[in-house]
file my_file36.pdb (PDB, C-alpha atoms)
ATOM      1  CA  MET G  33     -73.467 -67.483 145.544
ATOM      2  CA  PHE G  34     -72.366 -67.339 149.171
ATOM      3  CA  ILE G  35     -74.738 -65.747 151.669
ATOM      4  CA  GLN G  36     -73.329 -64.753 155.044
ATOM      5  CA  THR G  37     -75.458 -64.615 158.160
ATOM      6  CA  GLU G  38     -74.990 -62.455 161.224
ATOM      7  CA  GLN G  39     -76.646 -62.501 164.598
ATOM      8  CA  THR G  40     -78.453 -59.323 165.624
ATOM      9  CA  PRO G  41     -79.056 -58.034 169.149
ATOM     10  CA  ASN G  42     -82.643 -59.206 168.633
ATOM     11  CA  PRO G  43     -82.742 -63.010 169.061
ATOM     12  CA  ALA G  44     -85.884 -63.161 166.898
ATOM     13  CA  SER G  45     -84.080 -61.574 163.923
ATOM     14  CA  LEU G  46     -81.215 -62.802 161.763
ATOM     15  CA  LYS G  47     -79.313 -60.715 159.212
ATOM     16  CA  PHE G  48     -78.499 -62.236 155.807
ATOM     17  CA  LEU G  49     -75.832 -60.708 153.533
ATOM     18  CA  PRO G  50     -76.194 -62.026 149.958
ATOM     19  CA  GLY G  51     -73.054 -60.267 148.709
ATOM     20  CA  CYS G  52     -75.008 -58.086 146.304
ATOM     21  CA  GLU G  53     -77.179 -55.012 146.340
ATOM     22  CA  VAL G  54     -80.607 -55.700 147.823
ATOM     23  CA  MET G  55     -82.236 -52.251 147.685
ATOM     24  CA  ILE G  56     -81.181 -49.671 145.122
ATOM     25  CA  ARG G  57     -82.278 -46.869 147.426
ATOM     26  CA  GLY G  58     -83.818 -46.686 150.848
ATOM     27  CA  THR G  59     -85.141 -49.586 152.872
ATOM     28  CA  ALA G  60     -88.370 -51.547 153.021
ATOM     29  CA  GLU G  61     -90.080 -53.220 155.955
ATOM     30  CA  PHE G  62     -92.830 -55.825 155.830
ATOM     31  CA  ARG G  63     -94.494 -56.881 159.079
ATOM     32  CA  SER G  64     -96.960 -59.332 157.572
ATOM     33  CA  PRO G  65     -97.531 -61.315 154.378
ATOM     34  CA  SER G  66    -100.336 -58.943 153.379
ATOM     35  CA  GLU G  67     -97.848 -56.049 153.261
ATOM     36  CA  ALA G  68     -95.396 -57.963 151.052
ATOM     37  CA  HIS G  69     -97.295 -57.658 147.742
ATOM     38  CA  THR G  70     -94.828 -54.997 146.526
ATOM     39  CA  SER G  71     -91.808 -57.273 146.992
ATOM     40  CA  PRO G  72     -91.438 -60.679 145.352
ATOM     41  CA  LEU G  73     -88.536 -61.387 147.725
ATOM     42  CA  ALA G  74     -90.559 -60.595 150.855
ATOM     43  CA  GLU G  75     -93.480 -62.666 149.526
ATOM     44  CA  ARG G  76     -91.126 -65.621 149.025
ATOM     45  CA  LEU G  77     -89.747 -65.323 152.571
ATOM     46  CA  PHE G  78     -93.215 -65.077 154.132
ATOM     47  CA  LYS G  79     -94.085 -68.439 152.546
ATOM     48  CA  ILE G  80     -91.665 -69.997 155.043
ATOM     49  CA  PRO G  81     -93.699 -71.002 158.116
ATOM     50  CA  GLY G  82     -92.435 -69.099 161.140
ATOM     51  CA  ILE G  83     -91.233 -65.951 159.344
ATOM     52  CA  THR G  84     -93.118 -62.942 160.743
ATOM     53  CA  GLY G  85     -91.141 -59.991 159.383
ATOM     54  CA  VAL G  86     -88.820 -59.002 156.542
ATOM     55  CA  PHE G  87     -86.612 -55.915 156.394
ATOM     56  CA  LEU G  88     -84.669 -55.039 153.237
ATOM     57  CA  GLY G  89     -81.582 -52.828 153.471
ATOM     58  CA  GLY G  90     -78.980 -51.689 150.984
ATOM     59  CA  ASN G  91     -76.955 -54.919 151.080
ATOM     60  CA  PHE G  92     -78.798 -57.113 153.569
ATOM     61  CA  VAL G  93     -82.070 -58.840 154.407
ATOM     62  CA  THR G  94     -83.228 -59.207 158.000
ATOM     63  CA  ALA G  95     -85.748 -61.939 158.689
ATOM     64  CA  THR G  96     -87.740 -62.086 161.920
ATOM     65  CA  LYS G  97     -89.236 -65.301 163.260
ATOM     66  CA  SER G  98     -92.140 -66.117 165.534
ATOM     67  CA  ALA G  99     -91.435 -66.945 169.187
ATOM     68  CA  SER G 100     -92.256 -70.630 168.613
ATOM     69  CA  ALA G 101     -89.977 -71.016 165.568
ATOM     70  CA  ASP G 102     -86.332 -72.117 165.748
ATOM     71  CA  TRP G 103     -83.499 -70.604 163.704
ATOM     72  CA  THR G 104     -81.880 -74.032 163.381
ATOM     73  CA  ALA G 105     -84.799 -75.117 161.197
ATOM     74  CA  LEU G 106     -85.554 -71.737 159.576
ATOM     75  CA  LYS G 107     -82.067 -70.587 158.597
ATOM     76  CA  PRO G 108     -81.525 -73.159 155.789
ATOM     77  CA  LEU G 109     -84.982 -72.398 154.393
ATOM     78  CA  VAL G 110     -84.307 -68.640 154.357
ATOM     79  CA  LEU G 111     -80.869 -69.185 152.795
ATOM     80  CA  GLY G 112     -82.429 -71.377 150.096
ATOM     81  CA  ALA G 113     -85.135 -68.819 149.333
ATOM     82  CA  LEU G 114     -82.593 -65.999 149.113
ATOM     83  CA  MET G 115     -80.239 -68.072 146.939
ATOM     84  CA  GLU G 116     -83.020 -68.987 144.529
ATOM     85  CA  HIS G 117     -84.292 -65.427 144.364
ATOM     86  CA  PHE G 118     -80.954 -63.752 143.688
ATOM     87  CA  THR G 119     -79.526 -66.400 141.335
ATOM     88  CA  THR G 120     -82.611 -66.270 139.099
ATOM     89  CA  GLY G 121     -82.335 -62.475 138.794
ATOM     90  CA  GLN G 122     -85.808 -61.696 140.072
ATOM     91  CA  LYS G 123     -86.694 -58.212 141.283
ATOM     92  CA  VAL G 124     -86.532 -57.423 144.983
ATOM     93  CA  MET G 125     -89.252 -54.767 144.650
ATOM     94  CA  LEU G 126     -91.838 -54.502 141.873
ATOM     95  CA  ASN G 127     -91.077 -50.797 141.661
ATOM     96  CA  GLU G 128     -87.536 -49.883 142.730
ATOM     97  CA  ASP G 129     -88.773 -46.469 143.892
ATOM     98  CA  MET G 130     -90.969 -48.069 146.551
ATOM     99  CA  GLY G 131     -88.181 -48.184 149.141
ATOM    100  CA  HIS G 132     -88.550 -45.919 152.153
ATOM    101  CA  GLY G 133     -85.707 -43.427 152.083
ATOM    102  CA  GLY G 134     -85.961 -42.643 155.752
ATOM    103  CA  HIS G 135     -85.269 -39.002 156.332
ATOM    104  CA  SER G 136     -81.959 -38.510 154.551
ATOM    105  CA  SER G 137     -82.705 -35.114 153.172
ATOM    106  CA  ALA G 138     -84.083 -32.366 155.315
ATOM    107  CA  ALA G 139     -87.414 -31.036 154.140
ATOM    108  CA  ALA G 140     -87.621 -27.400 153.137
ATOM    109  CA  ASP G 141     -90.002 -26.641 156.006
ATOM    110  CA  ASP G 142     -87.857 -28.332 158.714
ATOM    111  CA  ASP G 143     -86.680 -25.970 161.414
ATOM    112  CA  GLU G 144     -82.992 -25.823 162.316
ATOM    113  CA  ILE G 145     -83.285 -28.259 165.249
ATOM    114  CA  VAL G 146     -85.032 -30.907 163.118
ATOM    115  CA  LYS G 147     -82.355 -30.522 160.433
ATOM    116  CA  GLN G 148     -79.653 -31.094 163.079
ATOM    117  CA  ILE G 149     -81.473 -34.147 164.460
ATOM    118  CA  LYS G 150     -81.835 -35.680 161.002
ATOM    119  CA  GLU G 151     -78.191 -34.974 160.194
ATOM    120  CA  LEU G 152     -76.979 -36.724 163.366
ATOM    121  CA  LEU G 153     -79.303 -39.666 162.783
ATOM    122  CA  ASP G 154     -78.121 -40.092 159.195
ATOM    123  CA  THR G 155     -74.400 -39.655 159.788
ATOM    124  CA  ARG G 156     -73.807 -41.236 163.196
ATOM    125  CA  ILE G 157     -76.720 -43.435 164.224
ATOM    126  CA  ARG G 158     -78.369 -45.089 161.210
ATOM    127  CA  PRO G 159     -75.122 -46.607 159.849
ATOM    128  CA  VAL G 160     -74.444 -48.279 163.206
ATOM    129  CA  VAL G 161     -78.017 -49.538 163.515
ATOM    130  CA  ALA G 162     -77.867 -50.936 159.952
ATOM    131  CA  GLN G 163     -74.915 -53.094 161.039
ATOM    132  CA  ASP G 164     -77.338 -54.767 163.458
ATOM    133  CA  GLY G 165     -79.912 -55.412 160.713
ATOM    134  CA  GLY G 166     -82.274 -52.532 161.410
ATOM    135  CA  ASP G 167     -83.003 -48.886 160.904
ATOM    136  CA  ILE G 168     -84.231 -45.899 162.890
ATOM    137  CA  VAL G 169     -86.316 -43.276 161.124
ATOM    138  CA  PHE G 170     -87.174 -39.802 162.369
ATOM    139  CA  SER G 171     -90.872 -39.300 163.016
ATOM    140  CA  SER G 172     -91.167 -35.906 164.728
ATOM    141  CA  PHE G 173     -89.796 -33.455 167.287
ATOM    142  CA  ASP G 174     -92.192 -31.874 169.757
ATOM    143  CA  HIS G 175     -91.487 -29.920 172.954
ATOM    144  CA  GLY G 176     -88.004 -31.377 173.456
ATOM    145  CA  VAL G 177     -89.011 -34.961 172.590
ATOM    146  CA  VAL G 178     -87.653 -36.733 169.509
ATOM    147  CA  TYR G 179     -89.936 -39.503 168.224
ATOM    148  CA  LEU G 180     -88.235 -42.291 166.267
ATOM    149  CA  HIS G 181     -89.591 -45.324 164.418
ATOM    150  CA  MET G 182     -87.614 -48.545 164.992
ATOM    151  CA  ARG G 183     -87.485 -50.898 161.977
ATOM    152  CA  GLY G 184     -86.111 -54.308 161.100
ATOM    153  CA  ALA G 185     -84.171 -56.075 163.860
ATOM    154  CA  CYS G 186     -84.575 -52.970 166.049
ATOM    155  CA  ALA G 187     -88.337 -53.386 166.254
ATOM    156  CA  GLY G 188     -89.081 -55.594 169.219
ATOM    157  CA  CYS G 189     -85.429 -55.990 170.182
ATOM    158  CA  PRO G 190     -84.940 -56.483 173.928
ATOM    159  CA  SER G 191     -82.033 -54.020 173.924
ATOM    160  CA  SER G 192     -83.775 -51.345 171.828
ATOM    161  CA  THR G 193     -84.894 -49.364 174.879
ATOM    162  CA  ALA G 194     -81.337 -49.243 176.191
ATOM    163  CA  THR G 195     -80.039 -48.266 172.739
ATOM    164  CA  LEU G 196     -82.652 -45.526 172.513
ATOM    165  CA  LYS G 197     -82.028 -44.099 175.981
ATOM    166  CA  THR G 198     -78.310 -44.594 176.615
ATOM    167  CA  GLY G 199     -77.050 -44.324 173.066
ATOM    168  CA  ILE G 200     -79.257 -42.222 170.847
ATOM    169  CA  GLU G 201     -80.791 -39.956 173.497
ATOM    170  CA  ASN G 202     -77.404 -39.178 175.073
ATOM    171  CA  MET G 203     -75.837 -38.375 171.699
ATOM    172  CA  LEU G 204     -78.696 -36.138 170.577
ATOM    173  CA  ARG G 205     -78.789 -34.342 173.953
ATOM    174  CA  HIS G 206     -75.021 -33.814 173.813
ATOM    175  CA  PHE G 207     -75.062 -32.190 170.371
ATOM    176  CA  ILE G 208     -78.496 -30.547 170.485
ATOM    177  CA  PRO G 209     -79.362 -28.997 173.875
ATOM    178  CA  GLU G 210     -83.022 -28.566 172.876
ATOM    179  CA  VAL G 211     -83.444 -32.359 172.872
ATOM    180  CA  GLU G 212     -84.664 -33.553 176.272
ATOM    181  CA  GLU G 213     -85.862 -37.082 175.509
ATOM    182  CA  VAL G 214     -86.130 -39.725 172.780
ATOM    183  CA  ARG G 215     -89.138 -42.031 172.415
ATOM    184  CA  ALA G 216     -89.973 -44.885 170.067
ATOM    185  CA  VAL G 217     -93.213 -44.823 168.066
ATOM    186  CA  ASN G 218     -94.877 -47.633 166.101
TER     187      ASN G 218
END

call {"tool": "encode", "arguments": {"input": "my_file36.pdb", "output": "structure tokens"}}
result
Amino acid sequence: MFIQTEQTPNPASLKFLPGCEVMIRGTAEFRSPSEAHTSPLAERLFKIPGITGVFLGGNFVTATKSASADWTALKPLVLGALMEHFTTGQKVMLNEDMGHGGHSSAAADDDEIVKQIKELLDTRIRPVVAQDGGDIVFSSFDHGVVYLHMRGACAGCPSSTATLKTGIENMLRHFIPEVEEVRAVN
């Protein structure tokens, strides 16, 4: 098994591509070891000292390290844990339906503006953000403000504010005049 690694815009996060499907559907984010009980893979990665976050995407795993940890030391440990996990055929999630699907399908009670926002996020923004090892999920729309949840490498990324304001906000405002601003929520 050959696992590729890619830098992300967030220096604390590294994207690992195991060359196989990671999540059957949706994504999953774990910000602490106590949250990882639903994922044997996340539990395994949190056993590595210095790992502070795990994000699971369709075909990638993003690991986030503490400020005091060094990728030179951590990267081989993460690669080894991923290799062992995938070559032994263990489950990524205890229940494959536990992945967070984001907001792919518009809810029946969404108004037309929210449907348009979700459509743009799903077709133009989320695929690009996934290339950087993260995800952006719609939270709400209120009085011209779109609230988005940053996940994976996007959470805590130094360039996430610029991405939110210059990229996502400009695109949403261009296509949907009712959108005045975009804000991140935790």

call {"tool": "resolve_selection", "arguments": {"input": "my_file36.pdb", "expression": "the PyMOL selection byres ((chain G and resi 39-47) around 7)", "output": "list in words"}}
result
Thr37, Glu38, Phe48, Leu49, Phe92, Val93, Thr94, Ala95, Thr96, Lys97, Asp164, Gly165, Ala185, Cys189, Pro190 and Ser191 of chain G

call {"tool": "write_last_selection", "arguments": {"input": "my_file36.pdb", "atoms": "C-alpha atoms", "output": "PDB file, in the coordinates of the input"}}
result
ATOM      1  CA  THR G  37     -75.458 -64.615 158.160  1.00  0.00           C
ATOM      2  CA  GLU G  38     -74.990 -62.455 161.224  1.00  0.00           C
ATOM      3  CA  PHE G  48     -78.499 -62.236 155.807  1.00  0.00           C
ATOM      4  CA  LEU G  49     -75.832 -60.708 153.533  1.00  0.00           C
ATOM      5  CA  PHE G  92     -78.798 -57.113 153.569  1.00  0.00           C
ATOM      6  CA  VAL G  93     -82.070 -58.840 154.407  1.00  0.00           C
ATOM      7  CA  THR G  94     -83.228 -59.207 158.000  1.00  0.00           C
ATOM      8  CA  ALA G  95     -85.748 -61.939 158.689  1.00  0.00           C
ATOM      9  CA  THR G  96     -87.740 -62.086 161.920  1.00  0.00           C
ATOM     10  CA  LYS G  97     -89.236 -65.301 163.260  1.00  0.00           C
ATOM     11  CA  ASP G 164     -77.338 -54.767 163.458  1.00  0.00           C
ATOM     12  CA  GLY G 165     -79.912 -55.412 160.713  1.00  0.00           C
ATOM     13  CA  ALA G 185     -84.171 -56.075 163.860  1.00  0.00           C
ATOM     14  CA  CYS G 189     -85.429 -55.990 170.182  1.00  0.00           C
ATOM     15  CA  PRO G 190     -84.940 -56.483 173.928  1.00  0.00           C
ATOM     16  CA  SER G 191     -82.033 -54.020 173.924  1.00  0.00           C
TER      17      SER G 191
END

call {"tool": "closest_residue", "arguments": {"input": "my_file36.pdb", "among": "G:Arg57, G:Arg215, G:Arg156, G:Arg205", "to": "Val124 (chain G)", "atoms": "only C-alpha atoms"}}
result
G:Arg57

call {"tool": "resolve_selection", "arguments": {"input": "my_file36.pdb", "expression": "the PyMOL selection byres ((chain G and resi 114) around 12)", "output": "ChimeraX atom specification"}}
result
/G:33-37,47-52,54,72-78,80,86,88,92-95,107-113,115-124

call {"tool": "atom_distance", "arguments": {"input": "my_file36.pdb", "atom1": "CA of Ile157 (chain G)", "atom2": "CA of Met55 (chain G)"}}
result
19.5 Å

call {"tool": "closest_residue", "arguments": {"input": "my_file36.pdb", "among": "G:Thr59, G:Gln163, G:Ser172, G:Asn127", "to": "Asp142 (chain G)", "atoms": "all atoms listed in the file"}}
result
G:Ser172

call {"tool": "residues_around", "arguments": {"input": "my_file36.pdb", "residues": "His181 (chain G)", "least_positions_apart": "6", "cutoff": "7 Å", "atoms": "only C-alpha atoms", "output": "ChimeraX atom specification"}}
result
/G:168-171,216-218

call {"tool": "write_last_selection", "arguments": {"input": "my_file36.pdb", "atoms": "C-alpha atoms", "output": "PDB file, in the coordinates of the input"}}
result
ATOM      1  CA  ILE G 168     -84.231 -45.899 162.890  1.00  0.00           C
ATOM      2  CA  VAL G 169     -86.316 -43.276 161.124  1.00  0.00           C
ATOM      3  CA  PHE G 170     -87.174 -39.802 162.369  1.00  0.00           C
ATOM      4  CA  SER G 171     -90.872 -39.300 163.016  1.00  0.00           C
ATOM      5  CA  ALA G 216     -89.973 -44.885 170.067  1.00  0.00           C
ATOM      6  CA  VAL G 217     -93.213 -44.823 168.066  1.00  0.00           C
ATOM      7  CA  ASN G 218     -94.877 -47.633 166.101  1.00  0.00           C
TER       8      ASN G 218
END

call {"tool": "resolve_selection", "arguments": {"input": "my_file36.pdb", "expression": "the PyMOL selection byres ((chain G and resi 62) around 7)", "output": "compact mmCIF listing (two decimals) with C-alpha atoms, in the frame of the given file"}}
result
# COMPACT_ATOMS: atom_id res chain seq x y z
CA ALA G 60 -88.37 -51.55 153.02
CA GLU G 61 -90.08 -53.22 155.96
CA ARG G 63 -94.49 -56.88 159.08
CA SER G 64 -96.96 -59.33 157.57
CA GLU G 67 -97.85 -56.05 153.26
CA ALA G 68 -95.40 -57.96 151.05
CA GLY G 85 -91.14 -59.99 159.38
CA VAL G 86 -88.82 -59.00 156.54
CA PHE G 87 -86.61 -55.92 156.39

call {"tool": "atom_distance", "arguments": {"input": "my_file36.pdb", "atom1": "CA of Lys197 (chain G)", "atom2": "CA of Asp143 (chain G)"}}
result
23.7 Å

call {"tool": "closest_residue", "arguments": {"input": "my_file36.pdb", "among": "G:Gly90, G:Val214, G:Gly58, G:Phe173", "to": "Gln148 (chain G)", "atoms": "all atoms listed in the file"}}
result
G:Phe173

call {"tool": "atom_distance", "arguments": {"input": "my_file36.pdb", "atom1": "CA of Lys150 (chain G)", "atom2": "CA of Met125 (chain G)"}}
result
26.2 Å

call {"tool": "closest_residue", "arguments": {"input": "my_file36.pdb", "among": "G:Asp102, G:Glu201, G:Glu210, G:Asp167", "to": "Ile145 (chain G)", "atoms": "all atoms listed in the file"}}
result
G:Glu210

call {"tool": "axis_aligned_box", "arguments": {"input": "my_file36.pdb", "around": "region 157-172 of chain G", "padding_each_side": "5 Å", "output": "lines of an AutoDock Vina configuration file"}}
result
center_x = -82.8
center_y = -45.7
center_z = 162.3
size_x = 26.7
size_y = 29.5
size_z = 14.9

call {"tool": "closest_residue", "arguments": {"input": "my_file36.pdb", "among": "G:Ile200, G:Gly188, G:Leu153, G:Asp174", "to": "Thr84 (chain G)", "atoms": "all atoms listed in the file"}}
result
G:Gly188

call {"tool": "closest_residue", "arguments": {"input": "my_file36.pdb", "among": "G:Ser192, G:Pro159, G:Val146, G:Thr198", "to": "Val178 (chain G)", "atoms": "all atoms listed in the file"}}
result
G:Val146

call {"tool": "residues_around", "arguments": {"input": "my_file36.pdb", "residues": "Arg183 (chain G)", "least_positions_apart": "2", "cutoff": "6 Å", "atoms": "all atoms listed in the file", "output": "list in words"}}
result
Gly166, Asp167, Cys186 and Ala187 of chain G

call {"tool": "write_last_selection", "arguments": {"input": "my_file36.pdb", "atoms": "C-alpha atoms", "output": "PDB file, keeping the file's coordinate frame"}}
result
ATOM      1  CA  GLY G 166     -82.274 -52.532 161.410  1.00  0.00           C
ATOM      2  CA  ASP G 167     -83.003 -48.886 160.904  1.00  0.00           C
ATOM      3  CA  CYS G 186     -84.575 -52.970 166.049  1.00  0.00           C
ATOM      4  CA  ALA G 187     -88.337 -53.386 166.254  1.00  0.00           C
TER       5      ALA G 187
END

call {"tool": "residues_around", "arguments": {"input": "my_file36.pdb", "residues": "Ala101 (chain G)", "least_positions_apart": "6", "cutoff": "9 Å", "atoms": "only C-alpha atoms", "output": "PyMOL selection string"}}
result
chain G and resi 44+81-83

call {"tool": "build_atoms", "arguments": {"input": "my_file36.pdb", "residues": "region 65-95 of chain G", "atoms": "N, CA and C atoms", "output": "short mmCIF file (atom, residue, chain, number, x, y, z; two decimals), in the frame of the given file"}}
result
data_model
loop_
_atom_site.label_atom_id
_atom_site.label_comp_id
_atom_site.auth_asym_id
_atom_site.auth_seq_id
_atom_site.Cartn_x
_atom_site.Cartn_y
_atom_site.Cartn_z
N PRO G 65 -97.44 -60.91 155.78
CA PRO G 65 -97.53 -61.32 154.38
C PRO G 65 -98.41 -60.38 153.54
N SER G 66 -99.44 -59.82 154.14
CA SER G 66 -100.34 -58.94 153.38
C SER G 66 -99.65 -57.65 152.94
N GLU G 67 -98.60 -57.26 153.64
CA GLU G 67 -97.85 -56.05 153.26
C GLU G 67 -96.82 -56.33 152.17
N ALA G 68 -96.51 -57.59 151.91
CA ALA G 68 -95.40 -57.96 151.05
C ALA G 68 -95.71 -57.97 149.55
N HIS G 69 -96.91 -57.58 149.16
CA HIS G 69 -97.30 -57.66 147.74
C HIS G 69 -96.43 -56.81 146.81
N THR G 70 -95.69 -55.84 147.35
CA THR G 70 -94.83 -55.00 146.53
C THR G 70 -93.42 -55.57 146.37
N SER G 71 -93.14 -56.69 147.05
CA SER G 71 -91.81 -57.27 146.99
C SER G 71 -91.87 -58.78 146.77
N PRO G 72 -91.48 -59.23 145.59
CA PRO G 72 -91.44 -60.68 145.35
C PRO G 72 -90.52 -61.41 146.35
N LEU G 73 -89.44 -60.76 146.77
CA LEU G 73 -88.54 -61.39 147.72
C LEU G 73 -89.21 -61.54 149.09
N ALA G 74 -89.86 -60.51 149.56
CA ALA G 74 -90.56 -60.60 150.85
C ALA G 74 -91.68 -61.63 150.78
N GLU G 75 -92.42 -61.66 149.68
CA GLU G 75 -93.48 -62.67 149.53
C GLU G 75 -92.91 -64.07 149.64
N ARG G 76 -91.78 -64.31 149.00
CA ARG G 76 -91.13 -65.62 149.02
C ARG G 76 -90.73 -65.99 150.46
N LEU G 77 -90.18 -65.04 151.20
CA LEU G 77 -89.75 -65.32 152.57
C LEU G 77 -90.93 -65.57 153.50
N PHE G 78 -92.03 -64.86 153.30
CA PHE G 78 -93.22 -65.08 154.13
C PHE G 78 -93.87 -66.43 153.88
N LYS G 79 -93.55 -67.10 152.79
CA LYS G 79 -94.08 -68.44 152.55
C LYS G 79 -93.43 -69.48 153.45
N ILE G 80 -92.35 -69.09 154.11
CA ILE G 80 -91.66 -70.00 155.04
C ILE G 80 -92.40 -69.92 156.38
N PRO G 81 -92.98 -71.02 156.83
CA PRO G 81 -93.70 -71.00 158.12
C PRO G 81 -92.77 -70.58 159.26
N GLY G 82 -93.22 -69.60 160.02
CA GLY G 82 -92.44 -69.10 161.14
C GLY G 82 -91.82 -67.74 160.89
N ILE G 83 -91.76 -67.29 159.64
CA ILE G 83 -91.23 -65.95 159.34
C ILE G 83 -92.36 -64.94 159.56
N THR G 84 -92.10 -63.94 160.40
CA THR G 84 -93.12 -62.94 160.74
C THR G 84 -92.76 -61.52 160.31
N GLY G 85 -91.54 -61.32 159.82
CA GLY G 85 -91.14 -59.99 159.38
C GLY G 85 -89.96 -60.06 158.44
N VAL G 86 -89.91 -59.10 157.50
CA VAL G 86 -88.82 -59.00 156.54
C VAL G 86 -88.44 -57.53 156.43
N PHE G 87 -87.13 -57.27 156.55
CA PHE G 87 -86.61 -55.92 156.39
C PHE G 87 -85.52 -55.96 155.33
N LEU G 88 -85.62 -55.08 154.34
CA LEU G 88 -84.67 -55.04 153.24
C LEU G 88 -83.83 -53.78 153.34
N GLY G 89 -82.51 -53.96 153.42
CA GLY G 89 -81.58 -52.83 153.47
C GLY G 89 -80.77 -52.76 152.20
N GLY G 90 -79.79 -51.88 152.18
CA GLY G 90 -78.98 -51.69 150.98
C GLY G 90 -78.29 -52.96 150.52
N ASN G 91 -77.67 -53.70 151.45
CA ASN G 91 -76.96 -54.92 151.08
C ASN G 91 -77.29 -56.10 151.99
N PHE G 92 -78.43 -56.03 152.66
CA PHE G 92 -78.80 -57.11 153.57
C PHE G 92 -80.30 -57.31 153.63
N VAL G 93 -80.68 -58.49 154.15
CA VAL G 93 -82.07 -58.84 154.41
C VAL G 93 -82.12 -59.30 155.86
N THR G 94 -83.03 -58.74 156.63
CA THR G 94 -83.23 -59.21 158.00
C THR G 94 -84.57 -59.93 158.05
N ALA G 95 -84.52 -61.16 158.52
CA ALA G 95 -85.75 -61.94 158.69
C ALA G 95 -86.03 -62.06 160.18
#
